[in-house]
Amino acid sequence: MTSDIAQHLAPTGTMRAGVFTGNFLLITGTSPAGTPQGVSPDMCQAIADQLGVKLELIAFKNQDELVEAVACGACDVGLVGSDPERAKKITFTPAYVEIEATYLVPAGSSLQTVAQVDQPGVKIAVPSRSAYELWLSRNLKHAELVMAEGFEATINVFVQDHLQALAGLRVALTEDAKKLPGSRLLEENFATIQQAISTRNANTDGLNFLNTFVEQAKASGLVASLIAKHRVTGLVVAPAHQAITP
C-alpha cells in the first residue's frame, strides 16, 4: 500500500518537498550544507520515512512561488499556511500546527479590541501575500490594509507612515514591541493561522495518505515532540480534525 502511495507523492523515487523559509517558527536554522532545519523539514522527513523514499527539500522565500511549484508538480508536497485563496490551486490537509495572529498598536493608541481595529480610517500594515494578509483581505469590512514586501519593510511602513496597527504573528510582534517604546499587542487574536501540508489538486490518493499522516502525527505526539526539539515558542499543535482509521 505504501509503495502505491509513493508513486503519487514521490513519482521520481524522491519526495520533493517545498518549505517556506520565511516563517522562523517552522524553519529555525540551516545545516552546514545549507539545508533548512526545523519543524516543517522534520515533518517532511517523517513523511518520506513512512513512504520509504528519499527526501529532497526545496526552499522557497516566497509563498506564492511555493504554491505554484506544488500546483504544477515541481514539488510533490508543500508545507505552507492553508488558505481558501491558495486552495484554489492546491489541496491542503488539516492543520498540523496553529499560530496566533494579532495586532500591535503604537504608543497612545485607543484601540483595545480586534473589532475596534476594523473601523473606517484605520490603516493596518501587513506583509503582502502572507497567510494573515489573505485572511484580513477577505474578512475586514472597514479598515484599510497597507501592504509591503516582507515583515521588516512592513514594520518600516507602520512606523514611518504612523499607521494605526501592525498585523503579524503574536510571537514575532512580542519581540517587535520591545523595539517600539509604548507599543503594545492586543489581547485578542484576529485569526489563528493554520499550517498544513499540500499537494496538487488531482492527487487524491496522495492527499488521503497525507490526511491520515497528519492526524496520526498529532495524536502520537510527533508534532509536539518536534516543537520541543526545536525549542519553538508560539506554535501550538492543531486540534484533531478526524478520527484515525486503524
# chains A, B, ... in the order shown; residues from 1 in each chain; ligands from 1
>>> residues_around(residues="region 190-196 of chain A", least_positions_apart="2", cutoff="9 Å", atoms="only C-alpha atoms", output="list in words")
Gly78, Leu79, Val80, Gly81, Ser82, Asp83, Phe92, Thr93, Pro94, Ala95, Tyr96, Val97, Glu98, Ile99, Glu100, Ala101, Thr102, Tyr103, Val114, Ala115, Ala131, Tyr132, Trp135, Leu136, Leu169, Glu188, Ser198, Val214 and Ala238 of chain A
>>> residues_around(residues="Ala125 (chain A)", least_positions_apart="5", cutoff="10 Å", atoms="only C-alpha atoms", output="ChimeraX atom specification")
/A:103-104,133,144-148,151,153-159,161-168
>>> residues_around(residues="region 13-28 of chain A", least_positions_apart="4", cutoff="6 Å", atoms="only C-alpha atoms", output="PyMOL selection string")
chain A and resi 37-40+53-61+75-79
>>> atom_distance(atom1="CA of Leu140 (chain A)", atom2="CA of Ser110 (chain A)")
19.1 Å
>>> select_by_dssp(residues="region 8-197 of chain A", states="alpha helix (DSSP H)", output="MDAnalysis selection string")
chainID A and resid 8:9 39:51 63:72 114:117 131:139 151:160 170:179
>>> write_last_selection(atoms="C-alpha atoms", output="mmCIF file, in the first residue's frame")
data_model
loop_
_atom_site.group_PDB
_atom_site.id
_atom_site.type_symbol
_atom_site.label_atom_id
_atom_site.label_comp_id
_atom_site.auth_asym_id
_atom_site.auth_seq_id
_atom_site.Cartn_x
_atom_site.Cartn_y
_atom_site.Cartn_z
ATOM 1 C CA HIS A 8 1.718 9.610 -6.060
ATOM 2 C CA LEU A 9 3.931 11.501 -3.588
ATOM 3 C CA VAL A 39 9.596 21.579 12.479
ATOM 4 C CA SER A 40 8.433 21.636 8.861
ATOM 5 C CA PRO A 41 11.568 19.965 7.397
ATOM 6 C CA ASP A 42 11.296 17.284 10.093
ATOM 7 C CA MET A 43 7.649 16.732 9.161
ATOM 8 C CA CYS A 44 8.762 16.252 5.555
ATOM 9 C CA GLN A 45 11.383 13.732 6.647
ATOM 10 C CA ALA A 46 8.802 11.808 8.671
ATOM 11 C CA ILE A 47 6.532 11.556 5.613
ATOM 12 C CA ALA A 48 9.403 10.371 3.418
ATOM 13 C CA ASP A 49 10.447 7.815 6.046
ATOM 14 C CA GLN A 50 6.925 6.414 6.229
ATOM 15 C CA LEU A 51 6.807 6.142 2.443
ATOM 16 C CA GLN A 63 4.944 31.534 -0.502
ATOM 17 C CA ASP A 64 3.222 32.174 -3.826
ATOM 18 C CA GLU A 65 6.140 30.536 -5.647
ATOM 19 C CA LEU A 66 5.845 27.500 -3.360
ATOM 20 C CA VAL A 67 2.127 27.214 -4.112
ATOM 21 C CA GLU A 68 2.790 27.418 -7.860
ATOM 22 C CA ALA A 69 5.508 24.746 -7.600
ATOM 23 C CA VAL A 70 3.085 22.347 -5.910
ATOM 24 C CA ALA A 71 0.320 23.170 -8.380
ATOM 25 C CA CYS A 72 2.469 22.414 -11.425
ATOM 26 C CA VAL A 114 -9.905 43.479 17.254
ATOM 27 C CA ALA A 115 -13.354 44.879 16.429
ATOM 28 C CA GLN A 116 -12.151 48.423 17.105
ATOM 29 C CA VAL A 117 -9.341 47.970 14.576
ATOM 30 C CA ALA A 131 -1.480 33.925 5.188
ATOM 31 C CA TYR A 132 -2.854 36.523 7.559
ATOM 32 C CA GLU A 133 -2.929 39.204 4.838
ATOM 33 C CA LEU A 134 -5.099 36.858 2.775
ATOM 34 C CA TRP A 135 -7.344 36.338 5.811
ATOM 35 C CA LEU A 136 -7.623 40.050 6.500
ATOM 36 C CA SER A 137 -8.308 40.861 2.846
ATOM 37 C CA ARG A 138 -11.324 38.542 2.968
ATOM 38 C CA ASN A 139 -12.651 39.496 6.385
ATOM 39 C CA PHE A 151 7.997 41.862 7.535
ATOM 40 C CA GLU A 152 10.891 44.305 8.008
ATOM 41 C CA ALA A 153 9.533 46.524 5.251
ATOM 42 C CA THR A 154 6.084 46.275 6.826
ATOM 43 C CA ILE A 155 7.382 47.455 10.195
ATOM 44 C CA ASN A 156 9.096 50.396 8.498
ATOM 45 C CA VAL A 157 5.842 51.397 6.806
ATOM 46 C CA PHE A 158 3.979 51.093 10.121
ATOM 47 C CA VAL A 159 6.473 53.382 11.891
ATOM 48 C CA GLN A 160 7.263 55.876 9.147
ATOM 49 C CA ARG A 170 1.858 37.180 18.037
ATOM 50 C CA VAL A 171 5.251 35.731 18.899
ATOM 51 C CA ALA A 172 7.016 37.973 16.373
ATOM 52 C CA LEU A 173 5.083 41.078 17.385
ATOM 53 C CA THR A 174 6.030 40.446 21.018
ATOM 54 C CA GLU A 175 9.669 40.954 20.050
ATOM 55 C CA ASP A 176 8.882 43.950 17.841
ATOM 56 C CA ALA A 177 7.029 45.655 20.694
ATOM 57 C CA LYS A 178 10.280 45.716 22.671
ATOM 58 C CA LYS A 179 11.841 47.883 19.952
#
>>> atom_distance(atom1="CA of Lys89 (chain A)", atom2="CA of Asn62 (chain A)")
15.7 Å
>>> select_by_dssp(residues="region 125-202 of chain A", states="strand (DSSP E)", output="list in words")
Ala125, Val126, Pro127, Glu144, Leu145, Val146, Met147, Ala148, Ala165, Leu166, Ala167, Gly168, Leu169, Arg184, Leu185, Ala191, Thr192, Ile193, Gln194, Gln195, Ala196, Ile197, Ser198, Thr199 and Arg200 of chain A
>>> write_last_selection(atoms="N, CA and C atoms", output="CSV table (one decimal), in the first residue's frame")
chain,number,residue,atom,x,y,z
A,125,ALA,N,-0.8,48.0,8.7
A,125,ALA,CA,0.4,47.5,7.9
A,125,ALA,C,0.4,46.0,8.0
A,126,VAL,N,0.7,45.3,6.8
A,126,VAL,CA,0.7,43.9,6.8
A,126,VAL,C,1.6,43.4,5.6
A,127,PRO,N,2.3,42.3,5.8
A,127,PRO,CA,3.2,41.8,4.7
A,127,PRO,C,2.3,41.2,3.6
A,144,GLU,N,-8.4,49.7,6.3
A,144,GLU,CA,-7.6,49.7,5.0
A,144,GLU,C,-6.3,49.0,5.3
A,145,LEU,N,-5.9,48.0,4.4
A,145,LEU,CA,-4.6,47.4,4.5
A,145,LEU,C,-3.6,48.1,3.7
A,146,VAL,N,-2.4,48.3,4.3
A,146,VAL,CA,-1.3,48.9,3.7
A,146,VAL,C,-0.2,47.8,3.6
A,147,MET,N,0.1,47.3,2.4
A,147,MET,CA,0.9,46.1,2.2
A,147,MET,C,2.4,46.5,1.9
A,148,ALA,N,3.3,45.7,2.3
A,148,ALA,CA,4.7,45.8,2.0
A,148,ALA,C,5.3,44.4,1.8
A,165,ALA,N,-2.2,50.3,13.1
A,165,ALA,CA,-2.0,48.9,13.6
A,165,ALA,C,-1.0,48.2,12.7
A,166,LEU,N,-0.3,47.2,13.3
A,166,LEU,CA,0.6,46.3,12.5
A,166,LEU,C,0.1,44.9,12.7
A,167,ALA,N,-0.2,44.2,11.7
A,167,ALA,CA,-0.7,42.8,11.7
A,167,ALA,C,0.5,41.9,11.7
A,168,GLY,N,0.4,40.8,12.5
A,168,GLY,CA,1.5,39.8,12.4
A,168,GLY,C,1.3,38.6,13.3
A,169,LEU,N,2.2,37.7,13.4
A,169,LEU,CA,2.2,36.6,14.3
A,169,LEU,C,2.5,37.1,15.7
A,184,ARG,N,2.0,48.2,22.1
A,184,ARG,CA,1.5,47.0,22.8
A,184,ARG,C,0.7,46.1,21.8
A,185,LEU,N,0.6,44.9,22.2
A,185,LEU,CA,-0.2,43.9,21.5
A,185,LEU,C,-1.6,43.9,22.0
A,191,ALA,N,-7.0,36.1,14.1
A,191,ALA,CA,-7.1,34.8,13.4
A,191,ALA,C,-6.1,33.8,14.0
A,192,THR,N,-6.3,32.6,13.8
A,192,THR,CA,-5.3,31.5,14.1
A,192,THR,C,-4.9,30.9,12.8
A,193,ILE,N,-3.6,31.1,12.4
A,193,ILE,CA,-3.1,30.7,11.1
A,193,ILE,C,-2.8,29.2,11.1
A,194,GLN,N,-3.4,28.5,10.1
A,194,GLN,CA,-3.3,27.1,10.0
A,194,GLN,C,-2.1,26.7,9.1
A,195,GLN,N,-1.2,25.9,9.7
A,195,GLN,CA,-0.1,25.4,8.8
A,195,GLN,C,-0.3,24.0,8.5
A,196,ALA,N,-0.3,23.7,7.2
A,196,ALA,CA,-0.7,22.4,6.7
A,196,ALA,C,0.2,21.8,5.6
A,197,ILE,N,-0.1,20.6,5.2
A,197,ILE,CA,0.7,20.0,4.1
A,197,ILE,C,-0.2,20.0,2.9
A,198,SER,N,0.4,20.4,1.7
A,198,SER,CA,-0.4,20.5,0.5
A,198,SER,C,0.2,19.6,-0.6
A,199,THR,N,-0.7,19.3,-1.6
A,199,THR,CA,-0.3,18.6,-2.8
A,199,THR,C,-1.1,19.1,-3.9
A,200,ARG,N,-0.8,18.6,-5.1
A,200,ARG,CA,-1.6,19.1,-6.3
A,200,ARG,C,-3.1,18.6,-6.2
>>> atom_distance(atom1="CA of Pro181 (chain A)", atom2="CA of Gln112 (chain A)")
17.3 Å
>>> decode(residues="region 100-148 of chain A", atoms="C-alpha atoms", output="PDB file, in the first residue's frame")
ATOM      1  CA  GLU A 100      -1.808  33.127  16.691  1.00  0.00           C
ATOM      2  CA  ALA A 101      -2.091  36.343  14.668  1.00  0.00           C
ATOM      3  CA  THR A 102      -2.918  39.700  16.247  1.00  0.00           C
ATOM      4  CA  TYR A 103      -2.258  43.436  16.039  1.00  0.00           C
ATOM      5  CA  LEU A 104       0.403  45.663  17.509  1.00  0.00           C
ATOM      6  CA  VAL A 105      -0.687  49.259  18.097  1.00  0.00           C
ATOM      7  CA  PRO A 106       1.539  52.313  18.692  1.00  0.00           C
ATOM      8  CA  ALA A 107       2.044  54.248  21.898  1.00  0.00           C
ATOM      9  CA  GLY A 108      -1.018  56.239  22.888  1.00  0.00           C
ATOM     10  CA  SER A 109      -3.418  54.203  20.761  1.00  0.00           C
ATOM     11  CA  SER A 110      -7.012  53.988  21.981  1.00  0.00           C
ATOM     12  CA  LEU A 111      -7.548  50.663  20.178  1.00  0.00           C
ATOM     13  CA  GLN A 112      -8.233  47.845  22.622  1.00  0.00           C
ATOM     14  CA  THR A 113     -10.056  45.135  20.672  1.00  0.00           C
ATOM     15  CA  VAL A 114      -9.905  43.479  17.254  1.00  0.00           C
ATOM     16  CA  ALA A 115     -13.354  44.879  16.429  1.00  0.00           C
ATOM     17  CA  GLN A 116     -12.151  48.423  17.105  1.00  0.00           C
ATOM     18  CA  VAL A 117      -9.341  47.970  14.576  1.00  0.00           C
ATOM     19  CA  ASP A 118     -11.815  47.233  11.781  1.00  0.00           C
ATOM     20  CA  GLN A 119     -13.163  50.766  11.587  1.00  0.00           C
ATOM     21  CA  PRO A 120     -13.160  53.446   8.861  1.00  0.00           C
ATOM     22  CA  GLY A 121      -9.969  55.483   8.892  1.00  0.00           C
ATOM     23  CA  VAL A 122      -7.821  52.754  10.438  1.00  0.00           C
ATOM     24  CA  LYS A 123      -4.812  51.703   8.355  1.00  0.00           C
ATOM     25  CA  ILE A 124      -3.138  48.358   9.048  1.00  0.00           C
ATOM     26  CA  ALA A 125       0.384  47.478   7.911  1.00  0.00           C
ATOM     27  CA  VAL A 126       0.677  43.853   6.768  1.00  0.00           C
ATOM     28  CA  PRO A 127       3.152  41.764   4.716  1.00  0.00           C
ATOM     29  CA  SER A 128       1.782  41.201   1.232  1.00  0.00           C
ATOM     30  CA  ARG A 129       0.604  37.656   0.423  1.00  0.00           C
ATOM     31  CA  SER A 130       1.166  36.362   3.947  1.00  0.00           C
ATOM     32  CA  ALA A 131      -1.480  33.925   5.188  1.00  0.00           C
ATOM     33  CA  TYR A 132      -2.854  36.523   7.559  1.00  0.00           C
ATOM     34  CA  GLU A 133      -2.929  39.204   4.838  1.00  0.00           C
ATOM     35  CA  LEU A 134      -5.099  36.858   2.775  1.00  0.00           C
ATOM     36  CA  TRP A 135      -7.344  36.338   5.811  1.00  0.00           C
ATOM     37  CA  LEU A 136      -7.623  40.050   6.500  1.00  0.00           C
ATOM     38  CA  SER A 137      -8.308  40.861   2.846  1.00  0.00           C
ATOM     39  CA  ARG A 138     -11.324  38.542   2.968  1.00  0.00           C
ATOM     40  CA  ASN A 139     -12.651  39.496   6.385  1.00  0.00           C
ATOM     41  CA  LEU A 140     -12.041  43.199   7.027  1.00  0.00           C
ATOM     42  CA  LYS A 141     -15.050  45.371   6.305  1.00  0.00           C
ATOM     43  CA  HIS A 142     -13.889  48.908   7.049  1.00  0.00           C
ATOM     44  CA  ALA A 143     -10.165  49.218   7.824  1.00  0.00           C
ATOM     45  CA  GLU A 144      -7.610  49.668   5.039  1.00  0.00           C
ATOM     46  CA  LEU A 145      -4.642  47.364   4.512  1.00  0.00           C
ATOM     47  CA  VAL A 146      -1.277  48.877   3.655  1.00  0.00           C
ATOM     48  CA  MET A 147       0.926  46.124   2.223  1.00  0.00           C
ATOM     49  CA  ALA A 148       4.688  45.814   1.982  1.00  0.00           C
TER      50      ALA A 148
END
